[in-house]
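Source file: target_4.cif. Holds: mmCIF, C-alpha atoms.
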```cif
data_entry
#
loop_
_atom_site.label_atom_id
_atom_site.label_comp_id
_atom_site.auth_asym_id
_atom_site.auth_seq_id
_atom_site.Cartn_x
_atom_site.Cartn_y
_atom_site.Cartn_z
CA MET A 9 12.36 -5.79 26.14
CA LEU A 10 12.78 -2.29 27.37
CA ASN A 11 9.71 -0.20 26.96
CA PRO A 12 10.93 3.05 25.34
CA PHE A 13 8.41 5.07 27.26
CA ASP A 14 9.56 3.69 30.61
CA PHE A 15 13.15 4.18 29.63
CA ARG A 16 12.58 7.83 28.73
CA SER A 17 10.70 8.49 31.91
CA SER A 18 13.37 6.87 34.05
CA VAL A 19 16.06 8.95 32.37
CA ARG A 20 13.96 12.02 33.04
CA GLU A 21 13.47 10.93 36.62
CA MET A 22 17.19 10.43 37.03
CA GLU A 23 17.89 13.89 35.66
CA ARG A 24 15.31 15.37 37.99
CA LEU A 25 16.95 13.59 40.91
CA ARG A 26 20.37 14.83 39.89
CA GLN A 27 19.16 18.42 39.75
CA GLU A 28 17.43 17.99 43.08
CA MET A 29 20.63 16.63 44.61
CA ASN A 30 22.62 19.55 43.26
CA ARG A 31 20.09 21.96 44.65
CA LEU A 32 20.13 20.31 48.07
CA PHE A 33 23.89 20.25 48.25
CA ASP A 34 24.29 23.79 47.00
CA GLN A 35 22.53 24.95 50.11
CA VAL A 36 25.16 23.39 52.30
CA ASP A 37 28.14 25.47 53.33
CA ARG A 38 31.27 24.54 51.54
CA ALA A 39 34.08 23.14 53.59
CA PRO A 40 37.29 25.15 54.05
CA GLY A 41 39.32 25.26 50.88
CA GLY A 42 36.28 25.44 48.66
CA SER A 43 35.66 21.73 48.91
CA LEU A 44 32.30 20.42 47.93
CA ILE A 45 32.27 17.98 50.80
CA SER A 46 29.67 18.95 53.34
CA GLY A 47 30.40 16.53 56.15
CA TYR A 48 32.25 13.47 57.33
CA PRO A 49 32.26 11.02 55.73
CA ALA A 50 32.26 12.22 52.13
CA MET A 51 29.42 10.61 50.22
CA ASN A 52 28.71 9.67 46.65
CA ILE A 53 25.10 9.30 45.61
CA TRP A 54 24.02 6.94 42.87
CA SER A 55 20.61 6.70 41.33
CA ASP A 56 18.84 4.05 39.31
CA GLY A 57 15.71 6.10 38.84
CA GLU A 58 13.90 4.11 41.51
CA GLY A 59 15.94 4.85 44.57
CA VAL A 60 19.45 5.86 45.50
CA THR A 61 22.57 4.13 46.72
CA VAL A 62 24.87 6.10 48.97
CA THR A 63 28.53 5.12 49.20
CA ALA A 64 31.07 6.40 51.70
CA GLU A 65 34.68 5.60 52.43
CA LEU A 66 34.81 4.81 56.13
CA PRO A 67 37.91 2.76 56.83
CA GLY A 68 38.30 1.09 60.20
CA VAL A 69 34.89 1.69 61.65
CA ASN A 70 33.59 -0.64 64.28
CA LEU A 71 30.23 -1.85 62.99
CA ASP A 72 28.90 -2.03 66.56
CA GLU A 73 29.42 1.71 66.75
CA LEU A 74 27.94 2.49 63.36
CA ASP A 75 24.37 3.67 63.39
CA ILE A 76 22.35 4.06 60.21
CA ALA A 77 18.88 5.52 60.64
CA VAL A 78 16.25 6.47 58.08
CA GLN A 79 13.25 8.60 58.79
CA GLY A 80 11.04 10.05 56.11
CA ASN A 81 13.44 11.49 53.58
CA SER A 82 16.48 11.79 55.80
CA LEU A 83 19.36 9.43 56.32
CA THR A 84 21.43 9.76 59.48
CA LEU A 85 24.84 8.17 59.75
CA LYS A 86 26.57 8.11 63.12
CA GLY A 87 29.71 6.39 64.15
CA ASN A 88 33.08 6.43 65.77
CA ARG A 89 36.65 5.89 64.71
CA SER A 90 38.68 4.96 67.74
CA HIS A 91 42.38 5.31 68.47
CA PRO A 92 44.50 2.20 68.19
CA ASP A 93 45.55 0.84 71.56
CA LEU A 94 49.33 0.77 71.45
CA GLY A 95 50.14 1.05 75.13
CA GLU A 96 51.68 3.86 77.10
CA GLU A 97 55.17 4.28 75.81
CA VAL A 98 54.57 5.32 72.26
CA ILE A 99 56.21 8.10 70.29
CA VAL A 100 53.89 9.68 67.75
CA HIS A 101 55.74 10.51 64.56
CA ARG A 102 52.76 11.28 62.40
CA GLN A 103 49.03 11.35 62.90
CA GLU A 104 47.02 12.13 59.80
CA ARG A 105 44.13 9.75 60.28
CA SER A 106 41.02 11.13 61.89
CA TYR A 107 39.64 9.89 65.18
CA GLY A 108 36.46 10.56 66.99
CA HIS A 109 32.76 10.71 66.47
CA PHE A 110 31.03 11.63 63.28
CA ARG A 111 27.45 12.32 62.43
CA ARG A 112 26.00 13.21 59.10
CA VAL A 113 22.44 13.77 57.98
CA LEU A 114 21.56 13.52 54.32
CA GLN A 115 18.27 14.85 53.01
CA LEU A 116 16.98 12.88 50.05
CA PRO A 117 14.56 14.26 47.52
CA PHE A 118 12.05 11.50 48.30
CA GLU A 119 10.61 9.46 51.16
CA VAL A 120 12.53 6.27 51.77
CA GLU A 121 10.97 2.85 52.26
CA ALA A 122 12.66 2.50 55.67
CA GLY A 123 11.94 -1.20 56.01
CA ALA A 124 13.69 -2.00 52.74
CA VAL A 125 16.95 -0.14 53.36
CA GLU A 126 20.00 -2.34 53.03
CA ALA A 127 23.58 -1.61 53.97
CA ALA A 128 26.87 -3.36 53.30
CA TYR A 129 30.38 -2.66 54.59
CA GLU A 130 33.26 -4.06 52.62
CA ASN A 131 36.97 -3.20 52.73
CA GLY A 132 36.17 0.01 54.56
CA VAL A 133 33.57 1.17 52.04
CA LEU A 134 30.00 1.60 53.19
CA ARG A 135 27.12 1.19 50.77
CA ILE A 136 23.53 1.99 51.70
CA MET A 137 20.66 1.16 49.35
CA LEU A 138 17.68 3.43 49.87
CA PRO A 139 14.60 2.51 47.87
CA ARG A 140 11.92 5.10 47.34
CA ALA A 141 8.76 4.65 49.34
CA GLU A 142 5.86 3.25 47.36
CA SER A 143 3.83 6.36 48.19
CA ALA A 144 6.59 8.59 46.82
CA LYS A 145 6.89 6.87 43.46
CA PRO A 146 5.80 8.94 40.50
CA LYS A 147 2.39 7.90 39.27
CA LYS A 148 1.30 7.95 35.71
CA ILE A 149 -2.13 9.34 35.29
CA THR A 150 -4.12 8.32 32.29
CA VAL A 151 -6.48 10.88 30.94
CA LYS A 152 -9.82 9.34 30.09
CA GLN A 153 -11.35 10.10 26.79
CA ALA A 154 -14.44 12.22 27.33
CA MET B 27 27.50 11.73 71.04
CA ALA B 28 28.33 15.05 72.65
CA GLU B 29 31.49 13.97 74.40
CA GLY B 30 34.77 13.22 72.70
CA HIS B 31 36.44 14.51 69.62
CA GLU B 32 34.38 15.26 66.55
CA ILE B 33 35.78 14.39 63.14
CA GLN B 34 36.00 17.48 60.95
CA VAL B 35 34.83 17.96 57.39
CA GLN B 36 38.39 18.44 56.12
CA ASP B 37 39.17 14.93 57.35
CA ALA B 38 37.04 13.67 54.49
CA GLU B 39 39.30 15.29 51.91
CA LYS B 40 41.54 13.03 49.85
CA GLN B 41 44.88 14.25 48.58
CA GLU B 42 45.35 13.38 44.95
CA ILE B 43 48.75 12.63 43.47
CA GLU B 44 49.71 14.65 40.41
CA GLN B 45 50.02 12.31 37.45
CA SER B 46 53.45 13.60 36.56
CA SER B 47 54.93 13.27 40.04
CA ALA B 48 54.66 9.52 40.24
CA GLU B 49 55.87 6.89 37.88
CA ARG B 50 53.01 4.52 37.71
CA THR B 51 52.17 1.58 35.55
CA ARG B 52 48.46 2.14 35.93
CA SER B 53 46.86 5.18 34.39
CA ARG B 54 44.41 5.56 37.22
CA ARG B 55 44.07 8.43 39.56
CA ALA B 56 45.96 7.90 42.77
CA PHE B 57 45.73 9.33 46.25
CA VAL B 58 48.04 9.72 49.19
CA PRO B 59 46.73 7.50 51.97
CA ARG B 60 46.45 9.11 55.38
CA VAL B 61 48.82 7.45 57.81
CA ASP B 62 49.74 7.36 61.46
CA ILE B 63 53.27 6.41 62.41
CA TYR B 64 54.07 5.38 65.95
CA GLU B 65 57.22 4.10 67.54
CA THR B 66 57.47 1.77 70.48
CA ASN B 67 60.62 0.43 72.11
CA ASP B 68 60.91 -2.38 69.67
CA ALA B 69 58.92 -1.49 66.58
CA ILE B 70 57.71 1.15 64.18
CA ILE B 71 53.96 0.91 63.66
CA LEU B 72 52.37 2.34 60.56
CA ILE B 73 48.61 2.54 60.13
CA ALA B 74 47.20 3.60 56.77
CA ASP B 75 43.66 4.30 55.62
CA MET B 76 43.15 2.61 52.27
CA PRO B 77 39.44 2.09 51.77
CA GLY B 78 38.62 -0.24 48.91
CA VAL B 79 41.98 -2.01 49.00
CA THR B 80 42.04 -5.77 49.54
CA SER B 81 44.96 -7.94 50.64
CA ASP B 82 45.25 -9.17 47.05
CA SER B 83 45.47 -5.66 45.66
CA LEU B 84 48.03 -4.32 48.12
CA GLU B 85 51.77 -4.36 47.54
CA ILE B 86 54.19 -3.45 50.26
CA THR B 87 57.87 -3.26 49.49
CA LEU B 88 60.86 -2.36 51.60
CA GLU B 89 63.99 -1.69 49.69
CA GLN B 90 67.09 0.08 50.92
CA GLY B 91 65.26 1.74 53.73
CA VAL B 92 62.35 2.94 51.58
CA LEU B 93 58.96 1.51 52.37
CA THR B 94 56.39 1.75 49.59
CA LEU B 95 52.68 1.11 49.82
CA ASP B 96 50.84 0.49 46.58
CA GLY B 97 47.16 -0.26 46.85
CA TYR B 98 44.95 -0.87 43.86
CA VAL B 99 41.27 -0.09 44.18
CA ASP B 100 38.76 -1.90 42.02
CA THR B 101 35.54 -1.31 43.91
CA PRO B 102 32.67 -1.92 41.48
CA ASP B 103 30.17 0.88 41.02
CA PRO B 104 26.60 0.11 42.16
CA GLU B 105 25.00 -1.90 39.37
CA ASP B 106 22.60 -0.14 37.02
CA HIS B 107 23.13 3.13 38.85
CA ALA B 108 24.35 6.46 37.56
CA LEU B 109 26.36 8.81 39.72
CA ALA B 110 24.02 11.61 40.73
CA TYR B 111 26.24 13.47 43.14
CA ALA B 112 29.91 13.01 44.02
CA GLU B 113 31.88 14.24 47.00
CA TYR B 114 34.81 11.89 46.71
CA ARG B 115 36.68 10.18 43.96
CA VAL B 116 37.90 6.64 43.84
CA GLY B 117 41.45 5.72 42.96
CA ASP B 118 44.54 3.85 43.99
CA TYR B 119 46.77 4.66 46.95
CA VAL B 120 50.50 5.20 46.68
CA ARG B 121 52.98 6.39 49.26
CA SER B 122 56.63 5.92 50.16
CA PHE B 123 58.49 6.43 53.41
CA THR B 124 62.15 6.53 54.27
CA LEU B 125 62.79 4.60 57.44
CA SER B 126 65.54 5.84 59.67
CA ASN B 127 65.65 2.73 61.82
CA GLN B 128 67.13 -0.58 60.87
CA ILE B 129 64.22 -2.93 60.40
CA ASN B 130 64.23 -6.65 60.86
CA GLN B 131 62.81 -7.41 57.45
CA ASP B 132 61.96 -11.02 58.22
CA ALA B 133 59.71 -10.09 61.10
CA ILE B 134 57.52 -7.48 59.40
CA GLU B 135 53.84 -8.12 59.96
CA ALA B 136 51.06 -6.63 57.87
CA THR B 137 47.33 -6.95 58.39
CA LEU B 138 44.55 -5.33 56.43
CA LYS B 139 41.09 -5.02 57.90
CA ASP B 140 38.16 -2.88 56.77
CA GLY B 141 40.40 -0.79 54.54
CA VAL B 142 42.98 -0.09 57.24
CA LEU B 143 46.53 -1.37 56.90
CA HIS B 144 48.38 -2.17 60.09
CA LEU B 145 52.08 -2.56 59.56
CA GLN B 146 54.42 -3.66 62.32
CA LEU B 147 58.07 -3.07 61.54
CA PRO B 148 60.27 -4.55 64.27
CA LYS B 149 63.50 -2.69 64.87
CA GLU B 150 66.72 -4.58 64.36
CA LYS B 151 68.14 -5.31 67.79
CA PRO B 152 71.53 -3.69 68.06
CA THR B 153 73.98 -6.47 68.68
CA SER B 154 75.63 -5.43 71.88
CA ARG B 155 79.24 -6.24 72.17
CA LYS B 156 81.29 -5.79 75.20
CA ILE B 157 84.69 -4.42 74.58
CA THR B 158 87.28 -5.22 77.05
CA VAL B 159 90.09 -2.85 77.41
CA SER B 160 93.27 -4.62 77.89
CA SER B 161 95.78 -2.97 80.07
CA SER B 162 99.20 -3.14 78.76
#
```
Please, can you express the file's structure as structure tokens?
Amino acid sequence: MLNPFDFRSSVREMERLRQEMNRLFDQVDRAPGGSLISGYPAMNIWSDGEGVTVTAELPGVNLDELDIAVQGNSLTLKGNRSHPDLGEEVIVHRQERSYGHFRRVLQLPFEVEAGAVEAAYENGVLRIMLPRAESAKPKKITVKQA
Amino acid sequence: MAEGHEIQVQDAEKQEIEQSSAERTRSRRAFVPRVDIYETNDAIILIADMPGVTSDSLEITLEQGVLTLDGYVDTPDPEDHALAYAEYRVGDYVRSFTLSNQINQDAIEATLKDGVLHLQLPKEKPTSRKITVSSS
């Protein structure tokens, strides 16, 4: 059974997180063309009220060169997309895919339980689960009857 | 990571296809996949970024010199999560190319790994024929 009080508070918490996210991202310079994307790779942030899950489309990244680091409330994603090795005598007709290094730091509105972070990479989509640190969880304080 | 090329923010942008411009059987949003096209002596090589596409959800057709990539994306959203902030949207990938070279259709090789399609289109070897001029 879902406790209605818990449910309400988690909805509130989610809303608070959403507002916090908007505030954090509003501070970031918008990319050329008025895009809302503030770095490579573009990220989507999901919340379940407890922690967040970050997803990013990162096709063709060598996992050996992908570095995910969490410290305090910041997530750092570093990696490399390398050129395909096609030999010397190649005519380039079109090159729209991006190559090179990328680095992106994401500030979260809470401290992350660094030891419990999990990441998965499937079909070129990266998913990082970032649970909130125990110390950063909202505490309910009961007021004692005097 | 100071040395080497740095990927730019605009590289994260996805180009959406206008609903009206493509005849599609699925009413999902669709994007133009970013591609590289290279040519070697004996093949055309096409590399396409299609994150979220699996080998089961990718259709490649070559018909009368037109190559079409059709990738369906069905990546599940994180369970019990609500989207709090979005920088990119998820959708299918559709793109067509007109090939100027004659392609040996039976020898086309396609591999898909980590959301990147690698398509090897071997050129049809021109059948060389020696023409002898007869002197009358």
- Task: For the structure provided, state which residues fall under the PyMOL selection byres ((chain B) within 7 of (chain A)), and present them as a ChimeraX atom specification.
- Result: /B:30-38,60-66,75-80,106-114,139-142
- Message: I want to know what sits within 7 Å of segment 117-122 of chain B, based on all atoms listed in the file, with residues of the same chain fewer than 6 positions away left out; could you give that as a VMD selection string?
- Response: chain B and resid 54 to 59 76 92 to 99
- Item | Distance of atom CA of Lys149 of chain B from atom CA of Ser126 of chain B, expressed in Å to one decimal place |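 Atom CA of Lys149 of chain B lies at a distance of 10.2 Å from atom CA of Ser126 of chain B.
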- Task: Take the point (52.2, -2.4, 56.3) in the file's coordinates, draw a sphere of radius 10 Å around it, and report as an MDAnalysis selection string every protein, DNA or RNA residue with an atom inside or on it, counting all atoms listed in the file.
- Result: chainID B and resid 71:74 84:88 93:95 134:138 142:147
Could you dump the residues just selected with C-alpha atoms as a short mmCIF file (atom, residue, chain, number, x, y, z; two decimals), in the coordinates of the input?
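Writing the result to again-v4.cif gives the following:
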```
data_model
loop_
_atom_site.label_atom_id
_atom_site.label_comp_id
_atom_site.auth_asym_id
_atom_site.auth_seq_id
_atom_site.Cartn_x
_atom_site.Cartn_y
_atom_site.Cartn_z
CA ILE B 71 53.96 0.91 63.66
CA LEU B 72 52.37 2.34 60.56
CA ILE B 73 48.61 2.54 60.13
CA ALA B 74 47.20 3.60 56.77
CA LEU B 84 48.03 -4.32 48.12
CA GLU B 85 51.77 -4.36 47.54
CA ILE B 86 54.19 -3.45 50.26
CA THR B 87 57.87 -3.26 49.49
CA LEU B 88 60.86 -2.36 51.60
CA LEU B 93 58.96 1.51 52.37
CA THR B 94 56.39 1.75 49.59
CA LEU B 95 52.68 1.11 49.82
CA ILE B 134 57.52 -7.48 59.40
CA GLU B 135 53.84 -8.12 59.96
CA ALA B 136 51.06 -6.63 57.87
CA THR B 137 47.33 -6.95 58.39
CA LEU B 138 44.55 -5.33 56.43
CA VAL B 142 42.98 -0.09 57.24
CA LEU B 143 46.53 -1.37 56.90
CA HIS B 144 48.38 -2.17 60.09
CA LEU B 145 52.08 -2.56 59.56
CA GLN B 146 54.42 -3.66 62.32
CA LEU B 147 58.07 -3.07 61.54
#
```
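The closest residue to Ile70 of chain B, picked from B:Ser161, B:Pro152, B:Asn130, B:Glu42 and counting only C-alpha atoms, is B:Asn130.
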- Message: Rounded to one decimal, what separation in Å do you get between atom CA of Leu138 of chain A and atom CA of Val116 of chain B?
- Response: 21.3 Å
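Separating atom CA of Leu125 of chain B from atom CA of Glu39 of chain B is a distance of 26.4 Å.
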May I have the centre and edge lengths, in Å to one decimal, of an axis-aligned box around the listed atoms of segment 49-68 of chain A with 4 Å added to every side, as lines of an AutoDock Vina configuration file?
```
center_x = 26.1
center_y = 6.7
center_z = 49.5
size_x = 32.4
size_y = 19.1
size_z = 29.4
```
